[in-house]
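Structure first, commentary second.
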Number of protein chains: 2
Amino acid sequence: MKKPLILISNDDGAGAAGLRKLIAIMRRLGDVVTIVSEGPMSGMGHAVTMQQPLRARLVADEPGYKEYITNGTPVDNIKMGKHLLLYKTPDVVVSGINHGSNAAINVIYSGTMGAVLEAAIDGIPAIGFSLDDYSSKASFEHTEQFVEQITKKVLQEGLPKNVCLNVNFPPFTASGPKGIKICRQANARWIEDFEERIDPYGRNYYWMGGRFENGDSRHETDLKALAENYVSVVPTQFDFTAHEFVTKLNFEA
Amino acid sequence: MKKPLILISNDDGAGAAGLRKLIAIMRRLGDVVTIVSEGPMSGMGHAVTMQQPLRARLVADEPGYKEYITNGTPVDNIKMGKHLLLYKTPDVVVSGINHGSNAAINVIYSGTMGAVLEAAIDGIPAIGFSLDDYSSKASFEHTEQFVEQITKKVLQEGLPKNVCLNVNFPPFTASGPKGIKICRQANARWIEDFEERIDPYGRNYYWMGGRFENGDSRHETDLKALAENYVSVVPTQFDFTAHEFVTKLNFEA
């Protein structure tokens, strides 16, 4: 088999430990091009840059490895990779390993998954990897074998049309995850609260915070799998249609 | 019936003609609070602001009408509305009227639809309105009767749980749209191209452009309805799971 071309992005920036782990794993599997944003892009979801021009700076250029830093979003990075910076369409796009879970509704806010969905829209097999641990000291050791195994399988067999993968890892434990579970996105949400402060000029401003609420008690969800120390894999798509209501709604006067 | 509370947002900013049309229609239906971003937010998708504090400035305060301008994204505006600026949960969230179509895959890039999806995640009935015409001189005249009709129906009957509406209008014609069609999101995508320029300091930069490609020939799509001069209504949801593959995939070693 010819060496595959692997495009990597993330939303935590070039210095993130999770990105460096992902690069190390992928360099064993093929030729790698990393395209990441210079600024933090957590929470950027599927944002694209329409108001300003984009720039890309080549910061590493070795045999089998290139790395670019851009002023764009994770979605921009995939678009620039596909149509500007790569010499051919990548065989797979991988994104992460994100510091923090992208399970449940987090998929819609996540820049890491924005990059993955953008690749899927463009017909490229794509996988997002995230660790359910925000700590800067979090260990990614237990993710390695699964990242390699899942990526190899996708490189060999591809993915169904219009489907990408949202893979989440439970926090590190010495015994490691119990295995992989194919899951549904849990129906959970954030309940925001805003902390009000006063700036030195007497004007008020707000820090957005919140707590995560899981109202989904089904067994086959990603949150349930993570809670039971499994790696959750959600087959993920970008058709937002609520198909069961297409024939039921009626808005004629 | 008590006067409903209506929350309005958009992604084209406070000065947009489509927003002003939507405000005029909604003020006939209930008490209105408008919360919009100070900057242009087209293409911001479901981005939320996590790196900086938020501000909201009250710019209009009349009986039955308040207007805030914020430094946040459309999704932030809904979160601030629900949890900070409103005295109670709104009866409906409406967003738009967007200058440009949000049919097909545009739903994932759209700040207008980001606001609508955020409201739906929070359990609030929500409708996005968009006009398939980017011209600054575009007429919104033909949208008025449909915006009012659809919003009234949603205020009276609500929407199914976890479902919001993505409503798109064909460009203005003297005879007006033929009616409303309930549709599926067409499977179409953007093919990007990047125009390279050199700045005065000799560095290259890129403007992202592209063309829209519709590879979906099914009859019941939103793009098809718009092309036939119908108002398209897509019942829209935020579960990204590709359910048919949950039982089919297997990534165990």
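Residue numbers start at 1 in each chain; chains themselves are named A, B, ... in the order of the structure tokens; ligands are numbered from 1 in the order shown.
Backbone DSSP of range 36-92 of chain B yields strand (DSSP E) at Val36, Ser37, Ala56, Arg57, Leu58, Val59, Ala60, Asp61, Glu62, Tyr65, Lys66, Glu67, Tyr68, Ile69, Thr70 and Val92 of chain B.
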Residues at most 7 Å from Met41 in chain A, counting only C-alpha atoms, excluding those fewer than 3 positions away in the same chain, as a list of chain:residue names? A:Asp11, A:Asp12, A:Met44, A:Thr73, A:Gly111
Present chain B as a PDB file with C-alpha atoms, in the first residue's frame, least-squares fitted onto chain A over all of its C-alpha atoms paired in order.
```pdb
ATOM      1  CA  MET B   1       0.021  -0.020   0.012  1.00  0.00           C
ATOM      2  CA  LYS B   2       1.241   3.451  -0.895  1.00  0.00           C
ATOM      3  CA  LYS B   3       1.954   5.769   2.012  1.00  0.00           C
ATOM      4  CA  PRO B   4      -1.288   7.571   2.838  1.00  0.00           C
ATOM      5  CA  LEU B   5      -1.476  11.374   3.051  1.00  0.00           C
ATOM      6  CA  ILE B   6      -2.873  12.453   6.426  1.00  0.00           C
ATOM      7  CA  LEU B   7      -4.128  15.989   7.178  1.00  0.00           C
ATOM      8  CA  ILE B   8      -4.194  16.971  10.854  1.00  0.00           C
ATOM      9  CA  SER B   9      -5.962  19.896  12.506  1.00  0.00           C
ATOM     10  CA  ASN B  10      -7.301  20.781  15.962  1.00  0.00           C
ATOM     11  CA  ASP B  11      -8.792  23.709  17.882  1.00  0.00           C
ATOM     12  CA  ASP B  12      -6.306  23.993  20.780  1.00  0.00           C
ATOM     13  CA  GLY B  13      -3.436  25.407  18.697  1.00  0.00           C
ATOM     14  CA  ALA B  14       0.063  24.248  17.741  1.00  0.00           C
ATOM     15  CA  GLY B  15       1.398  23.832  21.261  1.00  0.00           C
ATOM     16  CA  ALA B  16      -1.289  21.508  22.609  1.00  0.00           C
ATOM     17  CA  ALA B  17      -0.083  18.183  24.045  1.00  0.00           C
ATOM     18  CA  GLY B  18      -3.003  16.367  22.426  1.00  0.00           C
ATOM     19  CA  LEU B  19      -2.002  17.656  18.963  1.00  0.00           C
ATOM     20  CA  ARG B  20       1.628  16.608  19.481  1.00  0.00           C
ATOM     21  CA  LYS B  21       0.495  13.101  20.504  1.00  0.00           C
ATOM     22  CA  LEU B  22      -1.710  12.850  17.394  1.00  0.00           C
ATOM     23  CA  ILE B  23       1.137  13.987  15.119  1.00  0.00           C
ATOM     24  CA  ALA B  24       3.489  11.376  16.633  1.00  0.00           C
ATOM     25  CA  ILE B  25       0.976   8.577  16.024  1.00  0.00           C
ATOM     26  CA  MET B  26       0.113   9.687  12.461  1.00  0.00           C
ATOM     27  CA  ARG B  27       3.766   9.999  11.384  1.00  0.00           C
ATOM     28  CA  ARG B  28       4.040   6.240  11.915  1.00  0.00           C
ATOM     29  CA  LEU B  29       1.101   5.713   9.508  1.00  0.00           C
ATOM     30  CA  GLY B  30       1.883   7.992   6.568  1.00  0.00           C
ATOM     31  CA  ASP B  31       2.944  11.368   5.209  1.00  0.00           C
ATOM     32  CA  VAL B  32       1.532  14.076   7.431  1.00  0.00           C
ATOM     33  CA  VAL B  33       0.552  17.717   6.898  1.00  0.00           C
ATOM     34  CA  THR B  34      -0.566  19.621   9.996  1.00  0.00           C
ATOM     35  CA  ILE B  35      -2.561  22.862   9.531  1.00  0.00           C
ATOM     36  CA  VAL B  36      -3.537  24.580  12.763  1.00  0.00           C
ATOM     37  CA  SER B  37      -4.743  28.009  13.860  1.00  0.00           C
ATOM     38  CA  GLU B  38      -2.431  30.451  15.643  1.00  0.00           C
ATOM     39  CA  GLY B  39      -5.117  31.474  18.138  1.00  0.00           C
ATOM     40  CA  PRO B  40      -7.291  29.350  20.423  1.00  0.00           C
ATOM     41  CA  MET B  41     -10.310  28.065  18.494  1.00  0.00           C
ATOM     42  CA  SER B  42     -12.255  26.156  21.144  1.00  0.00           C
ATOM     43  CA  GLY B  43     -15.950  26.857  20.725  1.00  0.00           C
ATOM     44  CA  MET B  44     -15.563  28.077  17.140  1.00  0.00           C
ATOM     45  CA  GLY B  45     -17.858  25.331  15.847  1.00  0.00           C
ATOM     46  CA  HIS B  46     -18.273  25.507  12.084  1.00  0.00           C
ATOM     47  CA  ALA B  47     -17.201  29.166  11.766  1.00  0.00           C
ATOM     48  CA  VAL B  48     -15.492  30.233   8.539  1.00  0.00           C
ATOM     49  CA  THR B  49     -13.572  33.450   7.905  1.00  0.00           C
ATOM     50  CA  MET B  50     -15.463  35.688   5.491  1.00  0.00           C
ATOM     51  CA  GLN B  51     -14.458  39.195   6.603  1.00  0.00           C
ATOM     52  CA  GLN B  52     -10.675  39.079   6.235  1.00  0.00           C
ATOM     53  CA  PRO B  53      -8.008  37.410   4.106  1.00  0.00           C
ATOM     54  CA  LEU B  54      -6.286  34.228   5.237  1.00  0.00           C
ATOM     55  CA  ARG B  55      -2.580  33.623   5.764  1.00  0.00           C
ATOM     56  CA  ALA B  56      -0.612  30.391   6.180  1.00  0.00           C
ATOM     57  CA  ARG B  57       2.960  30.174   7.466  1.00  0.00           C
ATOM     58  CA  LEU B  58       5.073  27.028   6.883  1.00  0.00           C
ATOM     59  CA  VAL B  59       6.766  26.302  10.233  1.00  0.00           C
ATOM     60  CA  ALA B  60       8.098  22.755   9.656  1.00  0.00           C
ATOM     61  CA  ASP B  61       9.202  21.059   6.439  1.00  0.00           C
ATOM     62  CA  GLU B  62      10.852  17.659   6.830  1.00  0.00           C
ATOM     63  CA  PRO B  63      10.672  14.450   4.771  1.00  0.00           C
ATOM     64  CA  GLY B  64       7.129  13.144   5.298  1.00  0.00           C
ATOM     65  CA  TYR B  65       6.060  16.086   7.477  1.00  0.00           C
ATOM     66  CA  LYS B  66       4.898  19.657   6.935  1.00  0.00           C
ATOM     67  CA  GLU B  67       3.283  22.010   9.442  1.00  0.00           C
ATOM     68  CA  TYR B  68       1.426  25.251   8.747  1.00  0.00           C
ATOM     69  CA  ILE B  69       0.073  27.839  11.173  1.00  0.00           C
ATOM     70  CA  THR B  70      -2.800  29.997   9.893  1.00  0.00           C
ATOM     71  CA  ASN B  71      -4.941  32.926  10.997  1.00  0.00           C
ATOM     72  CA  GLY B  72      -8.101  30.977  10.138  1.00  0.00           C
ATOM     73  CA  THR B  73     -10.559  28.758  11.961  1.00  0.00           C
ATOM     74  CA  PRO B  74     -10.361  24.935  12.052  1.00  0.00           C
ATOM     75  CA  VAL B  75     -12.881  24.808   9.167  1.00  0.00           C
ATOM     76  CA  ASP B  76     -10.754  27.307   7.185  1.00  0.00           C
ATOM     77  CA  ASN B  77      -7.736  25.065   7.804  1.00  0.00           C
ATOM     78  CA  ILE B  78      -9.438  22.116   6.117  1.00  0.00           C
ATOM     79  CA  LYS B  79     -10.550  24.297   3.182  1.00  0.00           C
ATOM     80  CA  MET B  80      -7.020  25.704   2.788  1.00  0.00           C
ATOM     81  CA  GLY B  81      -5.552  22.211   3.044  1.00  0.00           C
ATOM     82  CA  LYS B  82      -7.803  20.730   0.400  1.00  0.00           C
ATOM     83  CA  HIS B  83      -7.757  23.602  -2.084  1.00  0.00           C
ATOM     84  CA  LEU B  84      -4.492  25.470  -1.480  1.00  0.00           C
ATOM     85  CA  LEU B  85      -1.719  23.828   0.569  1.00  0.00           C
ATOM     86  CA  LEU B  86      -1.827  20.094  -0.259  1.00  0.00           C
ATOM     87  CA  TYR B  87      -0.600  18.555  -3.486  1.00  0.00           C
ATOM     88  CA  LYS B  88      -3.501  16.073  -3.493  1.00  0.00           C
ATOM     89  CA  THR B  89      -6.676  15.236  -1.553  1.00  0.00           C
ATOM     90  CA  PRO B  90      -5.731  13.661   1.801  1.00  0.00           C
ATOM     91  CA  ASP B  91      -6.639  10.027   2.441  1.00  0.00           C
ATOM     92  CA  VAL B  92      -7.890  10.921   5.891  1.00  0.00           C
ATOM     93  CA  VAL B  93      -8.367  14.014   8.046  1.00  0.00           C
ATOM     94  CA  VAL B  94      -7.813  13.613  11.803  1.00  0.00           C
ATOM     95  CA  SER B  95      -8.462  16.353  14.348  1.00  0.00           C
ATOM     96  CA  GLY B  96      -7.447  16.662  17.992  1.00  0.00           C
ATOM     97  CA  ILE B  97      -6.646  15.095  20.291  1.00  0.00           C
ATOM     98  CA  ASN B  98      -8.905  17.666  21.926  1.00  0.00           C
ATOM     99  CA  HIS B  99      -8.386  18.708  25.526  1.00  0.00           C
ATOM    100  CA  GLY B 100     -11.951  18.181  26.753  1.00  0.00           C
ATOM    101  CA  SER B 101     -14.892  16.033  25.666  1.00  0.00           C
ATOM    102  CA  ASN B 102     -16.747  16.601  22.410  1.00  0.00           C
ATOM    103  CA  ALA B 103     -19.448  14.093  23.296  1.00  0.00           C
ATOM    104  CA  ALA B 104     -23.174  14.930  23.239  1.00  0.00           C
ATOM    105  CA  ILE B 105     -24.122  18.483  22.129  1.00  0.00           C
ATOM    106  CA  ASN B 106     -20.473  19.605  22.350  1.00  0.00           C
ATOM    107  CA  VAL B 107     -20.162  18.383  18.747  1.00  0.00           C
ATOM    108  CA  ILE B 108     -21.968  21.543  17.569  1.00  0.00           C
ATOM    109  CA  TYR B 109     -19.716  23.994  19.489  1.00  0.00           C
ATOM    110  CA  SER B 110     -16.417  22.224  18.794  1.00  0.00           C
ATOM    111  CA  GLY B 111     -13.798  23.591  16.407  1.00  0.00           C
ATOM    112  CA  THR B 112     -12.146  20.155  16.449  1.00  0.00           C
ATOM    113  CA  MET B 113     -15.358  18.576  15.142  1.00  0.00           C
ATOM    114  CA  GLY B 114     -15.934  21.551  12.810  1.00  0.00           C
ATOM    115  CA  ALA B 115     -12.759  20.520  10.953  1.00  0.00           C
ATOM    116  CA  VAL B 116     -13.936  16.895  10.846  1.00  0.00           C
ATOM    117  CA  LEU B 117     -17.417  17.780   9.552  1.00  0.00           C
ATOM    118  CA  GLU B 118     -15.919  20.077   6.903  1.00  0.00           C
ATOM    119  CA  ALA B 119     -13.764  17.218   5.610  1.00  0.00           C
ATOM    120  CA  ALA B 120     -16.816  14.940   5.543  1.00  0.00           C
ATOM    121  CA  ILE B 121     -18.811  17.556   3.584  1.00  0.00           C
ATOM    122  CA  ASP B 122     -15.909  17.504   1.121  1.00  0.00           C
ATOM    123  CA  GLY B 123     -16.068  13.697   0.853  1.00  0.00           C
ATOM    124  CA  ILE B 124     -12.864  12.976   2.805  1.00  0.00           C
ATOM    125  CA  PRO B 125     -12.883  10.269   5.536  1.00  0.00           C
ATOM    126  CA  ALA B 126     -12.448  12.138   8.826  1.00  0.00           C
ATOM    127  CA  ILE B 127     -12.096  11.403  12.532  1.00  0.00           C
ATOM    128  CA  GLY B 128     -12.206  13.690  15.573  1.00  0.00           C
ATOM    129  CA  PHE B 129     -10.425  12.519  18.731  1.00  0.00           C
ATOM    130  CA  SER B 130     -11.139  14.109  22.116  1.00  0.00           C
ATOM    131  CA  LEU B 131     -10.212  13.334  25.728  1.00  0.00           C
ATOM    132  CA  ASP B 132     -12.793  13.805  28.469  1.00  0.00           C
ATOM    133  CA  ASP B 133     -10.249  15.599  30.699  1.00  0.00           C
ATOM    134  CA  TYR B 134      -9.534  19.358  30.644  1.00  0.00           C
ATOM    135  CA  SER B 135      -6.498  19.201  32.948  1.00  0.00           C
ATOM    136  CA  SER B 136      -3.298  20.532  31.392  1.00  0.00           C
ATOM    137  CA  LYS B 137      -1.544  17.550  33.014  1.00  0.00           C
ATOM    138  CA  ALA B 138      -3.995  15.013  31.518  1.00  0.00           C
ATOM    139  CA  SER B 139      -2.346  11.864  30.204  1.00  0.00           C
ATOM    140  CA  PHE B 140      -3.068  10.856  26.599  1.00  0.00           C
ATOM    141  CA  GLU B 141      -1.174   7.557  26.986  1.00  0.00           C
ATOM    142  CA  HIS B 142      -4.284   5.349  26.925  1.00  0.00           C
ATOM    143  CA  THR B 143      -5.569   6.953  23.704  1.00  0.00           C
ATOM    144  CA  GLU B 144      -2.624   5.909  21.532  1.00  0.00           C
ATOM    145  CA  GLN B 145      -3.553   2.305  20.722  1.00  0.00           C
ATOM    146  CA  PHE B 146      -7.161   3.229  19.902  1.00  0.00           C
ATOM    147  CA  VAL B 147      -6.249   6.268  17.775  1.00  0.00           C
ATOM    148  CA  GLU B 148      -3.936   4.076  15.715  1.00  0.00           C
ATOM    149  CA  GLN B 149      -6.401   1.191  15.446  1.00  0.00           C
ATOM    150  CA  ILE B 150      -9.366   3.346  14.374  1.00  0.00           C
ATOM    151  CA  THR B 151      -7.321   5.432  11.903  1.00  0.00           C
ATOM    152  CA  LYS B 152      -5.772   2.322  10.305  1.00  0.00           C
ATOM    153  CA  LYS B 153      -9.199   0.766   9.861  1.00  0.00           C
ATOM    154  CA  VAL B 154     -10.575   3.955   8.261  1.00  0.00           C
ATOM    155  CA  LEU B 155      -7.522   4.148   5.938  1.00  0.00           C
ATOM    156  CA  GLN B 156      -8.084   0.532   4.886  1.00  0.00           C
ATOM    157  CA  GLU B 157     -11.876   0.458   4.599  1.00  0.00           C
ATOM    158  CA  GLY B 158     -12.999   4.091   4.346  1.00  0.00           C
ATOM    159  CA  LEU B 159     -16.231   5.317   5.905  1.00  0.00           C
ATOM    160  CA  PRO B 160     -19.843   5.362   4.670  1.00  0.00           C
ATOM    161  CA  LYS B 161     -20.673   8.313   2.367  1.00  0.00           C
ATOM    162  CA  ASN B 162     -21.378  11.560   4.302  1.00  0.00           C
ATOM    163  CA  VAL B 163     -20.332   9.967   7.631  1.00  0.00           C
ATOM    164  CA  CYS B 164     -17.383  10.941   9.864  1.00  0.00           C
ATOM    165  CA  LEU B 165     -16.442   9.791  13.371  1.00  0.00           C
ATOM    166  CA  ASN B 166     -16.628  11.601  16.711  1.00  0.00           C
ATOM    167  CA  VAL B 167     -14.327   9.592  19.018  1.00  0.00           C
ATOM    168  CA  ASN B 168     -14.144  10.449  22.730  1.00  0.00           C
ATOM    169  CA  PHE B 169     -11.820   8.921  25.333  1.00  0.00           C
ATOM    170  CA  PRO B 170     -12.545   8.555  29.051  1.00  0.00           C
ATOM    171  CA  PRO B 171      -9.935  10.094  31.401  1.00  0.00           C
ATOM    172  CA  PHE B 172      -6.735   8.097  31.939  1.00  0.00           C
ATOM    173  CA  THR B 173      -6.849   5.142  34.324  1.00  0.00           C
ATOM    174  CA  ALA B 174      -4.039   2.643  34.930  1.00  0.00           C
ATOM    175  CA  SER B 175      -6.162  -0.249  33.623  1.00  0.00           C
ATOM    176  CA  GLY B 176      -7.131   1.645  30.438  1.00  0.00           C
ATOM    177  CA  PRO B 177     -10.532   1.803  28.661  1.00  0.00           C
ATOM    178  CA  LYS B 178     -12.645  -1.375  28.576  1.00  0.00           C
ATOM    179  CA  GLY B 179     -12.997  -1.195  24.788  1.00  0.00           C
ATOM    180  CA  ILE B 180     -14.851   0.706  22.057  1.00  0.00           C
ATOM    181  CA  LYS B 181     -18.602   1.341  21.920  1.00  0.00           C
ATOM    182  CA  ILE B 182     -20.448   2.674  18.854  1.00  0.00           C
ATOM    183  CA  CYS B 183     -22.873   5.217  20.293  1.00  0.00           C
ATOM    184  CA  ARG B 184     -25.548   7.819  19.691  1.00  0.00           C
ATOM    185  CA  GLN B 185     -25.046  11.495  20.565  1.00  0.00           C
ATOM    186  CA  ALA B 186     -26.570  11.988  24.022  1.00  0.00           C
ATOM    187  CA  ASN B 187     -29.296  14.645  24.217  1.00  0.00           C
ATOM    188  CA  ALA B 188     -27.587  16.892  26.774  1.00  0.00           C
ATOM    189  CA  ARG B 189     -27.055  20.641  26.960  1.00  0.00           C
ATOM    190  CA  TRP B 190     -25.264  23.466  28.754  1.00  0.00           C
ATOM    191  CA  ILE B 191     -27.127  25.618  31.273  1.00  0.00           C
ATOM    192  CA  GLU B 192     -25.303  28.960  31.136  1.00  0.00           C
ATOM    193  CA  ASP B 193     -24.699  31.389  33.885  1.00  0.00           C
ATOM    194  CA  PHE B 194     -23.088  34.798  33.500  1.00  0.00           C
ATOM    195  CA  GLU B 195     -20.742  36.274  36.086  1.00  0.00           C
ATOM    196  CA  GLU B 196     -21.019  40.059  36.072  1.00  0.00           C
ATOM    197  CA  ARG B 197     -17.945  42.221  36.731  1.00  0.00           C
ATOM    198  CA  ILE B 198     -17.229  45.941  36.516  1.00  0.00           C
ATOM    199  CA  ASP B 199     -14.229  47.127  34.499  1.00  0.00           C
ATOM    200  CA  PRO B 200     -11.912  49.964  35.714  1.00  0.00           C
ATOM    201  CA  TYR B 201     -14.020  52.440  33.707  1.00  0.00           C
ATOM    202  CA  GLY B 202     -17.247  51.511  35.510  1.00  0.00           C
ATOM    203  CA  ARG B 203     -18.771  49.488  32.665  1.00  0.00           C
ATOM    204  CA  ASN B 204     -20.168  46.021  33.301  1.00  0.00           C
ATOM    205  CA  TYR B 205     -19.079  42.906  31.439  1.00  0.00           C
ATOM    206  CA  TYR B 206     -19.899  39.222  31.697  1.00  0.00           C
ATOM    207  CA  TRP B 207     -17.969  35.964  31.769  1.00  0.00           C
ATOM    208  CA  MET B 208     -19.996  33.102  30.373  1.00  0.00           C
ATOM    209  CA  GLY B 209     -19.882  29.901  32.366  1.00  0.00           C
ATOM    210  CA  GLY B 210     -22.206  27.006  32.802  1.00  0.00           C
ATOM    211  CA  ARG B 211     -22.885  23.490  33.865  1.00  0.00           C
ATOM    212  CA  PHE B 212     -23.534  20.492  31.673  1.00  0.00           C
ATOM    213  CA  GLU B 213     -26.892  18.776  32.066  1.00  0.00           C
ATOM    214  CA  ASN B 214     -27.500  15.272  30.747  1.00  0.00           C
ATOM    215  CA  GLY B 215     -31.199  14.564  30.430  1.00  0.00           C
ATOM    216  CA  ASP B 216     -30.686  11.421  28.338  1.00  0.00           C
ATOM    217  CA  SER B 217     -31.031   8.113  30.159  1.00  0.00           C
ATOM    218  CA  ARG B 218     -30.730   5.828  27.113  1.00  0.00           C
ATOM    219  CA  HIS B 219     -28.027   3.178  27.339  1.00  0.00           C
ATOM    220  CA  GLU B 220     -26.369   3.525  23.968  1.00  0.00           C
ATOM    221  CA  THR B 221     -25.226   7.187  24.319  1.00  0.00           C
ATOM    222  CA  ASP B 222     -21.694   8.525  24.165  1.00  0.00           C
ATOM    223  CA  LEU B 223     -21.947  10.013  27.672  1.00  0.00           C
ATOM    224  CA  LYS B 224     -22.996   6.647  29.092  1.00  0.00           C
ATOM    225  CA  ALA B 225     -20.110   4.849  27.351  1.00  0.00           C
ATOM    226  CA  LEU B 226     -17.572   7.378  28.685  1.00  0.00           C
ATOM    227  CA  ALA B 227     -18.987   7.094  32.209  1.00  0.00           C
ATOM    228  CA  GLU B 228     -18.442   3.337  31.986  1.00  0.00           C
ATOM    229  CA  ASN B 229     -14.811   3.801  30.850  1.00  0.00           C
ATOM    230  CA  TYR B 230     -15.378   2.904  27.198  1.00  0.00           C
ATOM    231  CA  VAL B 231     -14.088   4.773  24.143  1.00  0.00           C
ATOM    232  CA  SER B 232     -17.208   6.226  22.472  1.00  0.00           C
ATOM    233  CA  VAL B 233     -17.460   6.385  18.677  1.00  0.00           C
ATOM    234  CA  VAL B 234     -20.432   8.287  17.221  1.00  0.00           C
ATOM    235  CA  PRO B 235     -20.964   7.966  13.452  1.00  0.00           C
ATOM    236  CA  THR B 236     -21.654  11.619  12.646  1.00  0.00           C
ATOM    237  CA  GLN B 237     -23.388  13.315   9.692  1.00  0.00           C
ATOM    238  CA  PHE B 238     -24.342  16.802   8.546  1.00  0.00           C
ATOM    239  CA  ASP B 239     -27.937  16.498   7.358  1.00  0.00           C
ATOM    240  CA  PHE B 240     -29.849  18.625   9.888  1.00  0.00           C
ATOM    241  CA  THR B 241     -33.269  17.647   8.498  1.00  0.00           C
ATOM    242  CA  ALA B 242     -35.717  16.270  11.066  1.00  0.00           C
ATOM    243  CA  HIS B 243     -36.888  13.759   8.458  1.00  0.00           C
ATOM    244  CA  GLU B 244     -39.843  12.391  10.427  1.00  0.00           C
ATOM    245  CA  PHE B 245     -41.480  15.824  10.342  1.00  0.00           C
ATOM    246  CA  VAL B 246     -41.104  16.580   6.624  1.00  0.00           C
ATOM    247  CA  THR B 247     -44.422  14.939   5.860  1.00  0.00           C
ATOM    248  CA  LYS B 248     -46.095  15.992   9.132  1.00  0.00           C
ATOM    249  CA  LEU B 249     -45.699  19.786   9.206  1.00  0.00           C
ATOM    250  CA  ASN B 250     -48.049  22.105   7.387  1.00  0.00           C
ATOM    251  CA  PHE B 251     -47.722  25.882   7.303  1.00  0.00           C
ATOM    252  CA  GLU B 252     -50.151  26.743   4.541  1.00  0.00           C
ATOM    253  CA  ALA B 253     -52.676  29.409   5.539  1.00  0.00           C
TER     254      ALA B 253
END
```
Apply DSSP to the backbone of this structure and, from range 45-193 of chain B, keep only the residues in alpha helix (DSSP H); write these as a PyMOL selection string. chain B and resi 74-80+106-109+111-121+144-157
